[in-house]
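Visitor: Have a look at the structure that comes next, please.
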Amino acid sequence: MGTKNIADYIIATLGSHSALQILKGARDEGMRNLVICMEGRERPYKSFGVADEIISVKKWKDFWELEEKLINRNVIMVPHGSFVAYLGADRVGSMRMMQYGSKEILKWESDRHLEREWLERAGLLLPRILEKPEDIDRTVIVKFHGAGGGFGYFVVRSPEQFYEVKKKKYPQEVDYVIQEYIVGVPLYIHYFYSPITKELEIMSLDKRYESNADSIGRIRAEDQLASNIYTSYTIVGNIPVVVRESLLPQLFDMGERVVEESKKLGAGKGLYGPFSLEAVVTRKLEIFVFEISARIVAGTNPYIEGSPYTALKYDVPMSTGRRIARDIKEAITLGQLEKVLG
Ligand code: AMP
Ligand code: AMP
């Protein structure tokens with residue numbers, strides 16, 4: 001560390017989620033890259049030709065034996081949505097190698113109560129939380145802790161229905177949250193805030209392709225009832241969205257307030273780099289935010305060649321992966337790398 005030459009550094013990530021655009025983005029910015037893959041999962045990184053180097057591990061636990069080597073090679077790790085899932089929250093917290101993005105903010109993002117406090121303080125509209133199953137007097141979505149990628153959520157309308165589904169799907173003692181179900185369209189807003197330029201950017205938006213929420217409508221209502229399907233939200237892919245232009249001022253404003261508020265949480269440098277607000281927009285155009293993701297989200301994957309918004313702002317195809325690499329590159333060149341490291 002300490003040099004201002006980008007050739008002395010390597011941008012790395014784990015092989016899954018949004019690794020392809022992170023690697024491609026590093027290369028497009030003229031930086032070397034490296035991907036760490038689970039053995040047998042190297043194919044996309046080889047086939048698409050985006051990785052300068054592929055390191056395979058037998059189990060994710062073996063990653064930690066590599067850390068010293070990665071430190072010696074000035075490797076900067078870019079965490080993504082699968083990062084904590086693969087390496088474990090505790091160990092990621094005590095990671096010693098260089099890591100892009102704030103670590104402290106992850107505590108606020110991953111604890112439901114802290115997350116809610118942060119978003120409320122930022123003045124966002126949030127879905128109501130119901131304290132206990134007996135309070136269910138409307139359509140609610142029940143989210144089980146650790147239900148990754150929407151897998152394991154379910155929608156119910158009464159306490160009886162709640163217990164029936166819970167008994168079937170989660171007979172053991174589990175942690176969950178009961179949220180008012182907001183009728184509207186889902187919208188995932190992808191932001192980027194650079195501590196170097198101090199500017200908040202809207203990179204792109206997506207909606208998700210979920211099984212079987214996106215498939216129930218393919219059969220008649222009678223068949224839906226007869227086959228006794230529960231709505232589930234297992235993520236399969238992501239679909240690009242461009243919003244009504246008149247919504248943009250509000251979206252900028254929401255992102256800005258979340259960044260501003262993060263600086264007051266006592267969480268180190270606060271929120272920076274890529275982040276996403278996960279929202280549902282109602283017919284009255286109210287925007288309810290149900291979650292924040294403080295890292296690159298996979299919804300940015302359709303935009304490896306840039307989005308309609310980045311096309312307006314940049315004269316090169318700017319993916320979120322590339323935007324991260326550019327932030328790192330600018331920080332190195334200015335001798336301010338510590339500004340972007342967690
Ligand atoms: P994977 O690497 O695909 O096994 O995913 C690991 C975790 O990353 C999942 O449990 C999800 O929470 C998240 N994830 C993966 N792909 C996506 C996606 N396309 N959109 C949103 N989240 C995702
Ligand atoms: P998540 O995995 O948390 O991003 O959410 C999975 C899916 O649940 C998303 O497609 C959302 O549209 C949906 N969802 C989550 N919370 C709510 C809510 N309060 N009201 C309506 N839909 C929701």
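To be explicit about the labels: the chains of the structure tokens are called A, B, and onward in the order shown, and within each one the residues are counted from 1, while ligands get numbers from 1 in the order they are shown.
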Could you list, with a cut-off of 12 Å and counting only C-alpha atoms and all ligand atoms, the residues of chain A near ligand 1, each shown with its nearest atom pair and the distance in Å rounded to one decimal, rows sorted by chain and ascending number, as a Markdown table?

Guide:
| residue | atom | partner | partner_atom_place_in_ligand_line | distance |
| --- | --- | --- | --- | --- |
| A:Thr13 | CA | ligand 1 | 2 (O) | 11.9 |
| A:Leu14 | CA | ligand 1 | 2 (O) | 9.0 |
| A:Gly15 | CA | ligand 1 | 2 (O) | 7.8 |
| A:Ser16 | CA | ligand 1 | 2 (O) | 4.7 |
| A:His17 | CA | ligand 1 | 2 (O) | 4.8 |
| A:Ser18 | CA | ligand 1 | 16 (N) | 7.8 |
| A:Ala19 | CA | ligand 1 | 2 (O) | 9.6 |
| A:Cys37 | CA | ligand 1 | 2 (O) | 10.7 |
| A:Met38 | CA | ligand 1 | 2 (O) | 10.6 |
| A:Arg41 | CA | ligand 1 | 2 (O) | 10.6 |
| A:Pro79 | CA | ligand 1 | 8 (O) | 11.1 |
| A:His80 | CA | ligand 1 | 8 (O) | 7.9 |
| A:Gly81 | CA | ligand 1 | 8 (O) | 4.7 |
| A:Ser82 | CA | ligand 1 | 8 (O) | 4.0 |
| A:Phe83 | CA | ligand 1 | 8 (O) | 7.7 |
| A:Val84 | CA | ligand 1 | 7 (C) | 8.5 |
| A:Ala85 | CA | ligand 1 | 7 (C) | 6.1 |
| A:Tyr86 | CA | ligand 1 | 6 (C) | 7.4 |
| A:Leu87 | CA | ligand 1 | 6 (C) | 10.9 |
| A:Gly88 | CA | ligand 1 | 6 (C) | 11.8 |
| A:His145 | CA | ligand 1 | 12 (O) | 11.7 |
| A:Gly146 | CA | ligand 1 | 10 (O) | 8.6 |
| A:Ala147 | CA | ligand 1 | 10 (O) | 7.5 |
| A:Gly148 | CA | ligand 1 | 10 (O) | 3.8 |
| A:Gly149 | CA | ligand 1 | 12 (O) | 3.5 |
| A:Gly150 | CA | ligand 1 | 12 (O) | 7.1 |
| A:Phe151 | CA | ligand 1 | 10 (O) | 7.9 |
| A:Gly152 | CA | ligand 1 | 10 (O) | 10.9 |
| A:Tyr188 | CA | ligand 1 | 21 (C) | 9.9 |
| A:Asp206 | CA | ligand 1 | 20 (N) | 9.6 |
| A:Lys207 | CA | ligand 1 | 20 (N) | 9.3 |
| A:Arg208 | CA | ligand 1 | 20 (N) | 7.0 |
| A:Tyr209 | CA | ligand 1 | 19 (N) | 8.6 |
| A:Glu210 | CA | ligand 1 | 20 (N) | 9.5 |
| A:Tyr233 | CA | ligand 1 | 21 (C) | 10.6 |
| A:Thr234 | CA | ligand 1 | 11 (C) | 8.9 |
| A:Ile235 | CA | ligand 1 | 20 (N) | 6.1 |
| A:Val236 | CA | ligand 1 | 19 (N) | 6.4 |
| A:Gly237 | CA | ligand 1 | 19 (N) | 4.9 |
| A:Asn238 | CA | ligand 1 | 19 (N) | 5.8 |
| A:Ile239 | CA | ligand 1 | 19 (N) | 9.5 |
| A:Pro240 | CA | ligand 1 | 19 (N) | 11.9 |
| A:Ser276 | CA | ligand 1 | 21 (C) | 10.8 |
| A:Glu278 | CA | ligand 1 | 21 (C) | 10.5 |
| A:Ser293 | CA | ligand 1 | 22 (N) | 9.8 |
| A:Arg295 | CA | ligand 1 | 22 (N) | 11.0 |
| A:Ile296 | CA | ligand 1 | 22 (N) | 9.8 |
| A:Val297 | CA | ligand 1 | 21 (C) | 6.2 |
| A:Ala298 | CA | ligand 1 | 18 (C) | 4.5 |
| A:Gly299 | CA | ligand 1 | 20 (N) | 5.5 |
| A:Thr300 | CA | ligand 1 | 19 (N) | 8.7 |
| A:Asn301 | CA | ligand 1 | 19 (N) | 7.7 |
| A:Pro302 | CA | ligand 1 | 19 (N) | 9.8 |

Visitor: Could you report the residues within 10 Å of ligand 2, using only C-alpha atoms and all ligand atoms, as a PyMOL selection string?

Guide: chain A and resi 126-129+139-144+147-155+178-188+207-211+213-214+231-235+277-282+288-293

Visitor: As a ChimeraX atom specification, please: all residues of stretch 94-297 of chain A that backbone DSSP puts in strand (DSSP E).

Guide: /A:98-99,129-130,140-144,154-156,176-180,185-193,200-212,233-241,273-281,287-293

Visitor: If you run DSSP over the backbone, which residues in stretch 13-217 of chain A end up helix (DSSP H, G or I)? Put them as an MDAnalysis selection string.

Guide: chainID A and resid 19:28 43:47 60:72 83:87 89:93 104:110 112:121 133:135 148:150 159:169 216:217

Visitor: Rank A:Pro308, A:Gly273, A:Pro249, A:Gly30 by their smallest atom-to-atom distance to A:Leu205, using only C-alpha atoms, and report the top residue only.

Guide: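 Counting only C-alpha atoms, the residue closest to A:Leu205 is A:Pro308.
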
Visitor: Restricting the calculation to only C-alpha atoms, which member of A:Leu285, A:Val241, A:Leu34, A:Ala294 is positioned closest to A:Gly255?

Guide: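 Once distances to A:Gly255 are computed over only C-alpha atoms, the minimum belongs to A:Ala294.
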
Visitor: Please provide as a VMD selection string all residues within 10 Å of A:Lys329, with the sequence filter that same-chain residues fewer than 2 positions apart are discarded (counting only C-alpha atoms).

Guide: chain A and resid 4 to 7 9 26 29 to 31 323 to 327 331 to 337

Visitor: Could you write those residues out with N, CA, C and O atoms, as a PDB file, in the first residue's frame?

Guide:
ATOM      1  N   LYS A   4       1.135   5.193  -5.711  1.00  0.00           N
ATOM      2  CA  LYS A   4       0.081   5.846  -6.497  1.00  0.00           C
ATOM      3  C   LYS A   4      -0.008   5.247  -7.890  1.00  0.00           C
ATOM      4  O   LYS A   4      -0.592   5.836  -8.790  1.00  0.00           O
ATOM      5  N   ASN A   5       0.612   4.065  -8.036  1.00  0.00           N
ATOM      6  CA  ASN A   5       0.623   3.410  -9.337  1.00  0.00           C
ATOM      7  C   ASN A   5      -0.429   2.308  -9.367  1.00  0.00           C
ATOM      8  O   ASN A   5      -0.347   1.340  -8.608  1.00  0.00           O
ATOM      9  N   ILE A   6      -1.416   2.426 -10.258  1.00  0.00           N
ATOM     10  CA  ILE A   6      -2.499   1.434 -10.251  1.00  0.00           C
ATOM     11  C   ILE A   6      -1.998   0.032 -10.607  1.00  0.00           C
ATOM     12  O   ILE A   6      -2.630  -0.954 -10.256  1.00  0.00           O
ATOM     13  N   ALA A   7      -0.850  -0.059 -11.261  1.00  0.00           N
ATOM     14  CA  ALA A   7      -0.301  -1.382 -11.626  1.00  0.00           C
ATOM     15  C   ALA A   7       0.154  -2.162 -10.397  1.00  0.00           C
ATOM     16  O   ALA A   7       0.395  -3.365 -10.475  1.00  0.00           O
ATOM     17  N   TYR A   9      -1.650  -2.711  -7.816  1.00  0.00           N
ATOM     18  CA  TYR A   9      -2.823  -3.243  -7.115  1.00  0.00           C
ATOM     19  C   TYR A   9      -3.594  -4.231  -7.993  1.00  0.00           C
ATOM     20  O   TYR A   9      -3.502  -4.190  -9.214  1.00  0.00           O
ATOM     21  N   ALA A  26     -12.914  -3.739 -13.729  1.00  0.00           N
ATOM     22  CA  ALA A  26     -11.521  -3.495 -13.341  1.00  0.00           C
ATOM     23  C   ALA A  26     -10.663  -3.439 -14.607  1.00  0.00           C
ATOM     24  O   ALA A  26      -9.863  -2.527 -14.809  1.00  0.00           O
ATOM     25  N   GLU A  29     -11.006  -0.346 -16.648  1.00  0.00           N
ATOM     26  CA  GLU A  29     -10.337   0.814 -16.054  1.00  0.00           C
ATOM     27  C   GLU A  29      -8.817   0.637 -16.048  1.00  0.00           C
ATOM     28  O   GLU A  29      -8.097   1.397 -15.407  1.00  0.00           O
ATOM     29  N   GLY A  30      -8.354  -0.417 -16.695  1.00  0.00           N
ATOM     30  CA  GLY A  30      -6.910  -0.627 -16.827  1.00  0.00           C
ATOM     31  C   GLY A  30      -6.252  -1.243 -15.607  1.00  0.00           C
ATOM     32  O   GLY A  30      -5.046  -1.119 -15.414  1.00  0.00           O
ATOM     33  N   MET A  31      -7.061  -1.900 -14.753  1.00  0.00           N
ATOM     34  CA  MET A  31      -6.488  -2.527 -13.561  1.00  0.00           C
ATOM     35  C   MET A  31      -6.493  -4.044 -13.686  1.00  0.00           C
ATOM     36  O   MET A  31      -7.336  -4.619 -14.359  1.00  0.00           O
ATOM     37  N   ARG A 323     -17.699   1.327 -12.211  1.00  0.00           N
ATOM     38  CA  ARG A 323     -17.728   2.550 -11.389  1.00  0.00           C
ATOM     39  C   ARG A 323     -16.913   2.340 -10.106  1.00  0.00           C
ATOM     40  O   ARG A 323     -16.228   3.241  -9.630  1.00  0.00           O
ATOM     41  N   ILE A 324     -17.002   1.135  -9.554  1.00  0.00           N
ATOM     42  CA  ILE A 324     -16.216   0.808  -8.357  1.00  0.00           C
ATOM     43  C   ILE A 324     -14.725   0.878  -8.691  1.00  0.00           C
ATOM     44  O   ILE A 324     -13.940   1.507  -7.981  1.00  0.00           O
ATOM     45  N   ALA A 325     -14.353   0.239  -9.820  1.00  0.00           N
ATOM     46  CA  ALA A 325     -12.939   0.232 -10.219  1.00  0.00           C
ATOM     47  C   ALA A 325     -12.442   1.650 -10.449  1.00  0.00           C
ATOM     48  O   ALA A 325     -11.323   2.001 -10.076  1.00  0.00           O
ATOM     49  N   ARG A 326     -13.300   2.497 -11.009  1.00  0.00           N
ATOM     50  CA  ARG A 326     -12.899   3.882 -11.262  1.00  0.00           C
ATOM     51  C   ARG A 326     -12.691   4.625  -9.946  1.00  0.00           C
ATOM     52  O   ARG A 326     -11.750   5.411  -9.806  1.00  0.00           O
ATOM     53  N   ASP A 327     -13.543   4.363  -8.983  1.00  0.00           N
ATOM     54  CA  ASP A 327     -13.408   5.000  -7.667  1.00  0.00           C
ATOM     55  C   ASP A 327     -12.067   4.596  -7.035  1.00  0.00           C
ATOM     56  O   ASP A 327     -11.357   5.437  -6.491  1.00  0.00           O
ATOM     57  N   ALA A 331      -8.895   7.024  -6.372  1.00  0.00           N
ATOM     58  CA  ALA A 331      -8.385   7.124  -5.001  1.00  0.00           C
ATOM     59  C   ALA A 331      -6.880   6.829  -4.964  1.00  0.00           C
ATOM     60  O   ALA A 331      -6.113   7.541  -4.315  1.00  0.00           O
ATOM     61  N   ILE A 332      -6.458   5.795  -5.692  1.00  0.00           N
ATOM     62  CA  ILE A 332      -5.030   5.435  -5.722  1.00  0.00           C
ATOM     63  C   ILE A 332      -4.221   6.588  -6.320  1.00  0.00           C
ATOM     64  O   ILE A 332      -3.223   7.032  -5.762  1.00  0.00           O
ATOM     65  N   THR A 333      -4.683   7.090  -7.459  1.00  0.00           N
ATOM     66  CA  THR A 333      -3.944   8.130  -8.169  1.00  0.00           C
ATOM     67  C   THR A 333      -3.815   9.411  -7.339  1.00  0.00           C
ATOM     68  O   THR A 333      -2.811  10.099  -7.412  1.00  0.00           O
ATOM     69  N   LEU A 334      -4.845   9.692  -6.550  1.00  0.00           N
ATOM     70  CA  LEU A 334      -4.813  10.897  -5.715  1.00  0.00           C
ATOM     71  C   LEU A 334      -4.076  10.665  -4.396  1.00  0.00           C
ATOM     72  O   LEU A 334      -3.966  11.568  -3.569  1.00  0.00           O
ATOM     73  N   GLY A 335      -3.636   9.417  -4.165  1.00  0.00           N
ATOM     74  CA  GLY A 335      -2.990   9.088  -2.889  1.00  0.00           C
ATOM     75  C   GLY A 335      -3.997   9.070  -1.751  1.00  0.00           C
ATOM     76  O   GLY A 335      -3.672   9.346  -0.603  1.00  0.00           O
ATOM     77  N   GLN A 336      -5.266   8.757  -2.065  1.00  0.00           N
ATOM     78  CA  GLN A 336      -6.324   8.781  -1.037  1.00  0.00           C
ATOM     79  C   GLN A 336      -7.033   7.436  -0.924  1.00  0.00           C
ATOM     80  O   GLN A 336      -8.236   7.367  -0.665  1.00  0.00           O
ATOM     81  N   LEU A 337      -6.273   6.369  -1.112  1.00  0.00           N
ATOM     82  CA  LEU A 337      -6.896   5.048  -1.130  1.00  0.00           C
ATOM     83  C   LEU A 337      -7.665   4.753   0.165  1.00  0.00           C
ATOM     84  O   LEU A 337      -8.721   4.108   0.140  1.00  0.00           O
TER      85      LEU A 337
END

Visitor: Applying 7 Å and only C-alpha atoms, which residues near stretch 159-173 of chain A remain after dropping the ones on its own chain fewer than 3 positions away? List them as a list in words.

Guide: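 My reading of the contact set: Pro133, Glu134, Ile136 and Val156 of chain A.
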
Visitor: Find the residue from A:Ala122, A:Tyr176, A:Lys132, A:Asn33 that sits nearest to A:Ser158; use only C-alpha atoms when measuring.

Guide: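 Smallest distance to A:Ser158 is found for A:Lys132.
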
Visitor: Please identify all polymer residues within 10 Å of A:Glu117, counting only C-alpha atoms, omitting same-chain residues fewer than 6 positions from it, and present them as a VMD selection string.

Guide: chain A and resid 108 111 123 265

Visitor: Those selected residues, please, written with N, CA and C atoms and delivered as an mmCIF file, in the first residue's frame.

Guide:
data_model
loop_
_atom_site.group_PDB
_atom_site.id
_atom_site.type_symbol
_atom_site.label_atom_id
_atom_site.label_comp_id
_atom_site.auth_asym_id
_atom_site.auth_seq_id
_atom_site.Cartn_x
_atom_site.Cartn_y
_atom_site.Cartn_z
ATOM 1 N N TRP A 108 -25.340 -2.070 10.499
ATOM 2 C CA TRP A 108 -26.628 -1.363 10.383
ATOM 3 C C TRP A 108 -27.515 -1.972 9.324
ATOM 4 N N ASP A 111 -28.739 -5.838 10.682
ATOM 5 C CA ASP A 111 -29.633 -5.940 11.830
ATOM 6 C C ASP A 111 -30.933 -5.210 11.481
ATOM 7 N N GLY A 123 -35.947 9.609 6.816
ATOM 8 C CA GLY A 123 -37.246 10.126 6.373
ATOM 9 C C GLY A 123 -37.904 9.299 5.280
ATOM 10 N N LEU A 265 -24.469 7.964 12.024
ATOM 11 C CA LEU A 265 -24.757 6.738 12.779
ATOM 12 C C LEU A 265 -23.592 6.318 13.662
#

Visitor: Could you jot down the atom CA of A:Gly93 to atom CA of A:Ala12 separation for me, Å, one decimal place?

Guide: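 One can read the atom CA of A:Gly93 to atom CA of A:Ala12 distance as 17.5 Å.
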